Each structure stands twice: as C-alpha cells, then as structure tokens.
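Structure data follow from entry-v7.cif (mmCIF, C-alpha atoms):
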data_run
loop_
_atom_site.label_atom_id
_atom_site.label_comp_id
_atom_site.auth_asym_id
_atom_site.auth_seq_id
_atom_site.Cartn_x
_atom_site.Cartn_y
_atom_site.Cartn_z
CA MET A 242 50.78 5.04 -23.35
CA LYS A 243 53.38 4.50 -20.72
CA MET A 244 52.49 5.17 -17.14
CA GLU A 245 54.71 3.73 -14.53
CA GLY A 246 55.86 5.28 -11.33
CA ASP A 247 54.25 8.00 -9.30
CA ALA A 248 50.71 8.77 -10.21
CA LYS A 249 47.57 10.11 -8.61
CA ARG A 250 44.21 8.46 -8.02
CA VAL A 251 41.02 10.42 -7.92
CA ARG A 252 37.93 8.88 -6.36
CA VAL A 253 34.53 10.38 -6.99
CA TYR A 254 31.76 9.28 -4.65
CA ILE A 255 28.33 9.92 -6.12
CA GLY A 256 24.88 8.37 -6.30
CA GLU A 257 23.93 6.01 -9.10
CA SER A 258 20.97 8.17 -10.06
CA ASP A 259 22.91 11.45 -10.29
CA GLN A 260 22.53 12.83 -13.79
CA TRP A 261 24.61 15.00 -16.08
CA GLN A 262 23.03 16.34 -19.25
CA GLY A 263 20.55 13.54 -19.63
CA LYS A 264 22.75 10.57 -18.78
CA PRO A 265 24.05 9.01 -15.57
CA LEU A 266 26.82 11.13 -14.07
CA PHE A 267 29.15 8.16 -13.66
CA THR A 268 28.72 7.36 -17.37
CA ALA A 269 29.28 11.00 -18.29
CA ILE A 270 32.50 11.13 -16.26
CA VAL A 271 33.84 7.93 -17.81
CA GLU A 272 32.97 9.08 -21.32
CA ARG A 273 34.54 12.48 -20.79
CA CYS A 274 37.72 10.93 -19.39
CA ARG A 275 37.91 8.63 -22.35
CA ARG A 276 37.39 11.47 -24.80
CA GLU A 277 40.08 13.57 -23.12
CA GLY A 278 42.52 10.69 -23.35
CA PHE A 279 42.97 9.77 -19.72
CA ALA A 280 44.61 6.48 -18.85
CA GLY A 281 41.43 4.90 -17.64
CA ALA A 282 38.44 5.07 -15.34
CA THR A 283 36.55 2.46 -13.37
CA VAL A 284 33.12 2.63 -11.84
CA LEU A 285 32.49 0.59 -8.72
CA ARG A 286 29.15 -0.06 -7.10
CA GLY A 287 28.58 0.48 -3.41
CA ILE A 288 25.93 -1.62 -1.71
CA GLU A 289 25.35 0.68 1.22
CA GLY A 290 26.29 4.12 2.50
CA PHE A 291 25.33 7.66 3.40
CA GLY A 292 26.55 11.09 2.43
CA ALA A 293 26.00 14.77 3.08
CA HIS A 294 22.27 14.32 3.59
CA SER A 295 22.81 11.59 6.20
CA ARG A 296 20.26 9.46 4.42
CA ILE A 297 21.09 5.75 4.46
CA HIS A 298 21.02 3.96 1.12
CA THR A 299 21.19 0.19 1.23
CA ALA A 300 20.56 -2.68 -1.12
CA ARG A 301 19.09 -4.66 1.77
CA ILE A 302 15.87 -2.67 2.05
CA LEU A 303 13.95 -2.15 -1.16
CA ARG A 304 12.68 1.32 -0.33
CA LEU A 305 16.18 2.55 0.52
CA SER A 306 17.89 0.99 -2.49
CA GLU A 307 17.22 3.91 -4.77
CA ASP A 308 20.36 5.82 -5.57
CA LEU A 309 22.97 3.43 -4.22
CA PRO A 310 26.50 4.77 -3.93
CA VAL A 311 28.87 4.59 -6.86
CA VAL A 312 32.59 5.36 -6.96
CA VAL A 313 34.45 6.43 -10.08
CA GLU A 314 38.19 5.89 -9.90
CA ILE A 315 40.66 7.54 -12.25
CA VAL A 316 44.39 6.91 -12.09
CA ASP A 317 46.79 8.93 -14.21
CA ARG A 318 49.99 11.01 -14.13
CA PRO A 319 49.79 13.99 -11.80
CA ASP A 320 49.86 16.52 -14.64
CA ARG A 321 46.93 14.80 -16.32
CA ILE A 322 45.00 14.65 -13.07
CA GLU A 323 45.48 18.42 -12.77
CA GLN A 324 43.44 18.74 -15.95
CA LEU A 325 40.78 16.38 -14.60
CA LEU A 326 39.97 18.32 -11.47
CA PRO A 327 38.26 21.35 -13.06
CA MET A 328 36.20 18.93 -15.17
CA LEU A 329 35.00 17.15 -12.05
CA ASP A 330 34.41 20.44 -10.31
CA GLU A 331 31.91 21.29 -13.00
CA MET A 332 30.21 17.90 -13.27
CA VAL A 333 30.01 16.81 -9.65
CA GLN A 334 27.44 19.05 -8.06
CA GLU A 335 26.82 16.71 -5.17
CA GLY A 336 29.28 14.17 -3.89
CA LEU A 337 32.80 13.66 -2.65
CA VAL A 338 36.02 13.89 -4.63
CA THR A 339 39.28 12.72 -3.11
CA ILE A 340 42.78 12.55 -4.45
CA GLU A 341 45.71 10.46 -3.30
CA ASP A 342 49.21 9.50 -4.35
CA VAL A 343 49.62 6.07 -5.81
CA HIS A 344 52.48 4.22 -7.35
CA VAL A 345 51.78 2.43 -10.60
CA LEU A 346 53.54 -0.91 -10.68
CA LYS A 347 52.07 -2.05 -13.92
CA TYR A 348 49.91 -0.56 -16.65
CA VAL A 349 49.89 -2.82 -19.66
CA ALA A 350 47.46 -3.17 -22.48
CA GLY A 351 48.36 -6.65 -23.75
CA ALA A 352 47.98 -7.44 -27.46
CA SER A 353 46.54 -4.61 -29.55
CA PRO A 354 42.98 -5.14 -30.80
CA PRO A 355 42.77 -6.04 -34.54
CA ALA A 356 42.65 -2.99 -36.82
CA SER A 357 39.03 -2.21 -37.68
CA MET B 1056 -26.84 0.63 -25.12
CA GLY B 1057 -29.31 -2.24 -25.04
CA GLY B 1058 -28.57 -3.50 -28.53
CA ASP B 1059 -24.78 -3.79 -28.06
CA PRO B 1060 -23.89 -6.54 -25.57
CA GLN B 1061 -20.27 -6.73 -26.77
CA GLY B 1062 -19.81 -3.00 -26.36
CA SER B 1063 -21.09 -2.99 -22.81
CA VAL B 1064 -18.72 -5.82 -21.86
CA VAL B 1065 -15.81 -3.74 -23.07
CA TRP B 1066 -17.13 -0.63 -21.37
CA ASP B 1067 -17.65 -2.55 -18.16
CA ALA B 1068 -14.08 -3.83 -18.28
CA LEU B 1069 -12.74 -0.33 -18.89
CA HIS B 1070 -14.67 0.92 -15.91
CA LYS B 1071 -13.02 -1.71 -13.76
CA VAL B 1072 -9.60 -0.90 -15.10
CA GLY B 1073 -10.21 2.66 -14.02
CA TRP B 1074 -11.42 1.85 -10.53
CA VAL B 1075 -8.75 -0.73 -9.80
CA GLY B 1076 -6.18 1.64 -11.26
CA LEU B 1077 -7.31 4.50 -9.07
CA GLY B 1078 -7.04 2.40 -5.93
CA GLY B 1079 -3.72 0.98 -7.09
CA PHE B 1080 -2.29 4.40 -7.80
CA LEU B 1081 -3.19 5.58 -4.31
CA GLY B 1082 -2.19 2.34 -2.58
CA ALA B 1083 1.23 2.05 -4.20
CA ASN B 1084 2.01 5.66 -3.40
CA ALA B 1085 0.81 5.23 0.17
CA ARG B 1086 3.17 2.29 0.48
CA TYR B 1087 6.07 4.19 -1.04
CA TRP B 1088 5.77 7.29 1.13
CA LEU B 1089 4.54 5.81 4.39
CA GLY B 1090 6.86 2.83 4.16
CA GLY B 1091 9.73 5.13 3.39
CA TRP B 1092 9.00 7.32 6.40
CA VAL B 1093 8.83 4.33 8.75
CA GLN B 1094 12.03 2.90 7.33
CA HIS B 1095 13.91 6.15 7.81
CA ARG B 1096 12.67 6.42 11.39
CA TRP B 1097 13.46 2.88 12.51
CA GLY B 1098 16.78 2.16 10.84
CA THR B 1099 17.91 -0.44 8.41
CA THR B 1100 18.63 -3.51 10.52
CA PHE B 1101 15.08 -4.75 10.04
CA PRO B 1102 12.56 -4.11 7.23
CA TRP B 1103 10.13 -2.23 9.47
CA GLY B 1104 8.65 -0.24 6.61
CA THR B 1105 7.36 -3.29 4.79
CA PHE B 1106 6.32 -4.93 8.04
CA VAL B 1107 4.18 -1.99 9.16
CA ILE B 1108 2.71 -1.64 5.68
CA ASN B 1109 1.68 -5.29 5.48
CA ILE B 1110 0.23 -5.39 9.00
CA THR B 1111 -1.77 -2.20 8.61
CA GLY B 1112 -2.90 -3.29 5.17
CA SER B 1113 -4.12 -6.59 6.54
CA PHE B 1114 -6.04 -4.79 9.25
CA LEU B 1115 -7.58 -2.43 6.69
CA LEU B 1116 -8.66 -5.30 4.47
CA GLY B 1117 -10.27 -7.20 7.34
CA LEU B 1118 -12.09 -4.09 8.46
CA PHE B 1119 -13.27 -3.11 5.00
CA MET B 1120 -14.41 -6.57 3.97
CA ALA B 1121 -16.36 -7.09 7.20
CA LEU B 1122 -18.06 -3.74 6.71
CA VAL B 1123 -19.10 -4.29 3.11
CA THR B 1124 -19.94 -7.98 3.20
CA GLU B 1125 -21.49 -8.34 6.62
CA ARG B 1126 -22.76 -4.94 7.57
CA TYR B 1127 -23.61 -2.76 4.62
CA ALA B 1128 -24.96 -3.46 1.18
CA LEU B 1129 -24.84 -0.27 -0.81
CA PRO B 1130 -25.20 0.02 -4.57
CA GLN B 1131 -21.66 1.38 -4.58
CA THR B 1132 -20.29 -1.71 -2.82
CA PRO B 1133 -18.96 -3.54 -5.91
CA THR B 1134 -17.12 -0.41 -7.07
CA LEU B 1135 -15.83 0.30 -3.58
CA ARG B 1136 -14.48 -3.22 -3.47
CA LEU B 1137 -12.53 -2.63 -6.66
CA VAL B 1138 -11.11 0.65 -5.44
CA VAL B 1139 -10.39 -0.17 -1.81
CA ALA B 1140 -9.89 -3.93 -1.47
CA ILE B 1141 -8.45 -4.89 -4.82
CA GLY B 1142 -6.88 -1.60 -5.83
CA PHE B 1143 -5.74 0.23 -2.74
CA VAL B 1144 -4.97 -2.56 -0.26
CA GLY B 1145 -3.68 -4.77 -3.06
CA ALA B 1146 -1.13 -2.14 -4.06
CA TYR B 1147 -0.48 -0.95 -0.53
CA THR B 1148 0.63 -4.31 0.85
CA THR B 1149 3.48 -6.15 -0.76
CA PHE B 1150 4.41 -9.79 -0.64
CA SER B 1151 7.31 -9.60 -3.06
CA THR B 1152 9.14 -6.88 -1.12
CA PHE B 1153 8.58 -8.88 2.06
CA GLU B 1154 10.20 -11.94 0.49
CA PHE B 1155 13.02 -9.91 -1.05
CA GLU B 1156 13.87 -8.30 2.27
CA THR B 1157 13.72 -11.64 4.07
CA LEU B 1158 16.23 -12.90 1.52
CA SER B 1159 18.43 -9.86 2.15
CA LEU B 1160 18.39 -10.66 5.85
CA VAL B 1161 19.48 -14.21 5.11
CA THR B 1162 22.27 -13.27 2.70
CA THR B 1163 23.68 -10.71 5.12
CA GLY B 1164 23.79 -13.23 7.95
CA SER B 1165 20.80 -12.04 9.98
CA LEU B 1166 19.11 -15.44 10.10
CA LEU B 1167 17.26 -14.73 13.32
CA ARG B 1168 15.81 -11.52 11.89
CA ALA B 1169 14.91 -13.34 8.70
CA PHE B 1170 12.85 -15.84 10.65
CA GLY B 1171 11.49 -13.01 12.76
CA ASN B 1172 10.37 -11.16 9.65
CA ALA B 1173 8.84 -14.22 8.04
CA PHE B 1174 6.98 -15.57 11.05
CA GLY B 1175 6.31 -12.18 12.56
CA SER B 1176 4.75 -10.84 9.39
CA LEU B 1177 2.64 -13.95 8.99
CA LEU B 1178 1.38 -14.08 12.56
CA ALA B 1179 1.00 -10.33 13.16
CA GLY B 1180 -0.67 -9.98 9.78
CA PHE B 1181 -3.11 -12.71 10.63
CA ALA B 1182 -3.87 -11.12 14.00
CA ALA B 1183 -4.34 -7.77 12.25
CA VAL B 1184 -6.80 -9.04 9.66
CA TRP B 1185 -8.73 -10.86 12.37
CA LEU B 1186 -8.86 -7.70 14.52
CA GLY B 1187 -10.03 -5.75 11.48
CA VAL B 1188 -12.89 -8.16 10.92
CA VAL B 1189 -13.87 -8.10 14.59
CA LEU B 1190 -13.87 -4.30 14.59
CA GLY B 1191 -15.87 -4.22 11.37
CA ARG B 1192 -18.54 -6.34 12.96
CA VAL B 1193 -19.04 -4.13 15.99
CA LEU B 1194 -18.80 -0.73 14.31
#

When written as structure tokens, how does the structure in this file appear?
Amino acid sequence: MKMEGDAKRVRVYIGESDQWQGKPLFTAIVERCRREGFAGATVLRGIEGFGAHSRIHTARILRLSEDLPVVVEIVDRPDRIEQLLPMLDEMVQEGLVTIEDVHVLKYVAGASPPAS
Amino acid sequence: MGGDPQGSVVWDALHKVGWVGLGGFLGANARYWLGGWVQHRWGTTFPWGTFVINITGSFLLGLFMALVTERYALPQTPTLRLVVAIGFVGAYTTFSTFEFETLSLVTTGSLLRAFGNAFGSLLAGFAAVWLGVVLGRVL
C-alpha cells in the first residue's frame, strides 16, 4: 500500500483496563483496524495521567496504578480515517479521540515476509 | 474423632486456613479501600496511603498482642490470634508495596522522599507498635 503525502492521525486516549466485548479495548481497536485494512495502529503506554473523572492514575503508587493511560494511534489517508471515526464512536464509550493533519514522509514495509 | 490422629491434624490445619483466610480477606480489603482513600486525599507525590496503613497496622498489632498475651487469656485467644494478628494485620500492612513505592521515588528522582519514606516508615512504625503495646497494658 502506498501512503505518502497528506494524511490524518487519530489518537485515542483510553484506560488500559477498558474492555470491549470481552477483550481489552486497545486490543479490540487494533484488531478491528487490521481487519478493515487500515495502514497501521500503534498502542503506547502512559505512565501517569487523569481524565474526565479527574482521578490520577500513576505507576509510581501501587494503589493508583490500576488502569494506566493508553494511547492508540492510527495514521492513514483522510478518506480511510473518515471510515474509522464511526467505528471509534461505537467502541470508545469513555475516553478522548483527537484527529490531526500529518504529513507522511515515509511508509515502507521493507522485504516481504516469506510466503506461508 | 479420638481414633483418627491423622484426620484431626488435617482438620486442624483446615480450620487454620479458614481463620487466617478470613482475617486476610478483611485485612487486604481494608488496605485496598482505606489506603486508596488516603492516597486520593493526599496526592501522589508521596505514598501516604501505604505509610498510613503500615503505621496504623503496627499500632493495631502492638495493641492486640499486648491485650492477648499480657492481659487476657481466653479460650478463643489462639483463634483470635490467627484471625487478627496473622490474618488481618498481616494482610493489612504491606512491606512489598512500601519497598516498591520507595523504589518509585528513587527512580523518579525524589531521593529525599525515598529516604523519608524508608526511615519515616521504620521509625513511625516502631513508635506506633510501642504505643500500641503501652496502651494495651493500661486498658
């Protein structure tokens, strides 16, 4: 797949213990994006933060380290991102979703994996 | 029952598992909820939750042990010991969380607080257990 030039990045800020149909929400989002053929998705771990409930989560204090923040990033062409947003609308019942313009300088896959 | 010494050993052990477990269930939950409340109240720059838990737990242990070993000798004392001292206080206080949070203070650059937590917990805990014993003796 070729993706160079103007694209959009979606960032989904959720908690690591948020669930969707029996599995972690961040896993569910990544799997769904993969199934729908998006260019890619990355899950990053936050070590501290707070959200709509103003409750601090931090890895520094054991009792507050439940449900640490997690960010799922998806970068793709704007028309593909348009298709992503309703999906996220359904799956993200609590959290923050942002969208921004990015410019893809490079999106390469290297050597193809051996045929299975 | 008299003709089955092996059976009564097993039964006795199961009894203990139950009593220790009961105390542990209550103690761990007390730590989780009370510690959580304290932590939310007093912010995240210092592990106050664990600190308060360990100090109060030390006090409780000193008090309880003085009462049952120096003041009262009830038939229920051995069982009470399992529930309260070994089960409840044992699960209520936490050494591992204390060490983990001291490490967190070190790795995030709060060396002074790390020392404060380590020495403070040790000294205040000692004072607390001593106070508990003293109180147990005069009650």

* To do: Using all atoms listed in the file, find which residues of chain A lie within 12 Å of chain B and jot them down as a list in words.
  => Ile288, Glu289, Gly290, Ser295, Arg296, Ile297, His298, Thr299, Ala300, Arg301, Ile302, Leu303, Arg304, Leu305, Ser306 and Glu307 of chain A

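What separates CA of Tyr1147 (chain B) from CA of Asp259 (chain A) is a distance of 28.2 Å.
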
* **Selection under test: the PyMOL selection byres ((chain A and resi 282) around 8); residues as a VMD selection string** => chain A and resid 271 274 to 275 279 to 281 283 to 284 313 to 316

Check which residues of region 311-351 of chain A sit at most 8 Å from region 243-247 of chain A using only C-alpha atoms, and return one row each with the closest pair of atoms and their distance in Å to one decimal, ordered by chain and rising number, as CSV.
residue,atom,partner,partner_atom,distance
A:Asp317,CA,A:Met244,CA,7.4
A:Arg318,CA,A:Met244,CA,7.0
A:Pro319,CA,A:Asp247,CA,7.9
A:Asp342,CA,A:Asp247,CA,7.2
A:Val343,CA,A:Asp247,CA,6.1
A:His344,CA,A:Asp247,CA,4.6
A:Val345,CA,A:Gly246,CA,5.0
A:Leu346,CA,A:Glu245,CA,6.1
A:Lys347,CA,A:Glu245,CA,6.4
A:Tyr348,CA,A:Met244,CA,6.3

* Cut-off 8 Å around (27.2, 5.9, -10.5) with all atoms listed in the file: residues as an NGL selection string -> :A and (255-259 or 265-268 or 284-286 or 309-313)

* To do: Name the residues captured by the PyMOL selection byres ((chain B and resi 1120) around 10) when it is applied to the shown file; answer as a list in words.
  => Leu1115, Leu1116, Gly1117, Leu1118, Phe1119, Ala1121, Leu1122, Val1123, Thr1124, Glu1125, Arg1126, Tyr1127, Arg1136, Val1139, Ala1140, Val1184, Gly1187, Val1188, Gly1191 and Arg1192 of chain B

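Using only C-alpha atoms, the contacts of Leu1177 (chain B) at a cut-off of 10 Å, with sequence neighbours closer than 5 positions omitted, comprise B:Phe1106, B:Asn1109, B:Ile1110, B:Gly1171, B:Asn1172, B:Ala1182, B:Ala1183.
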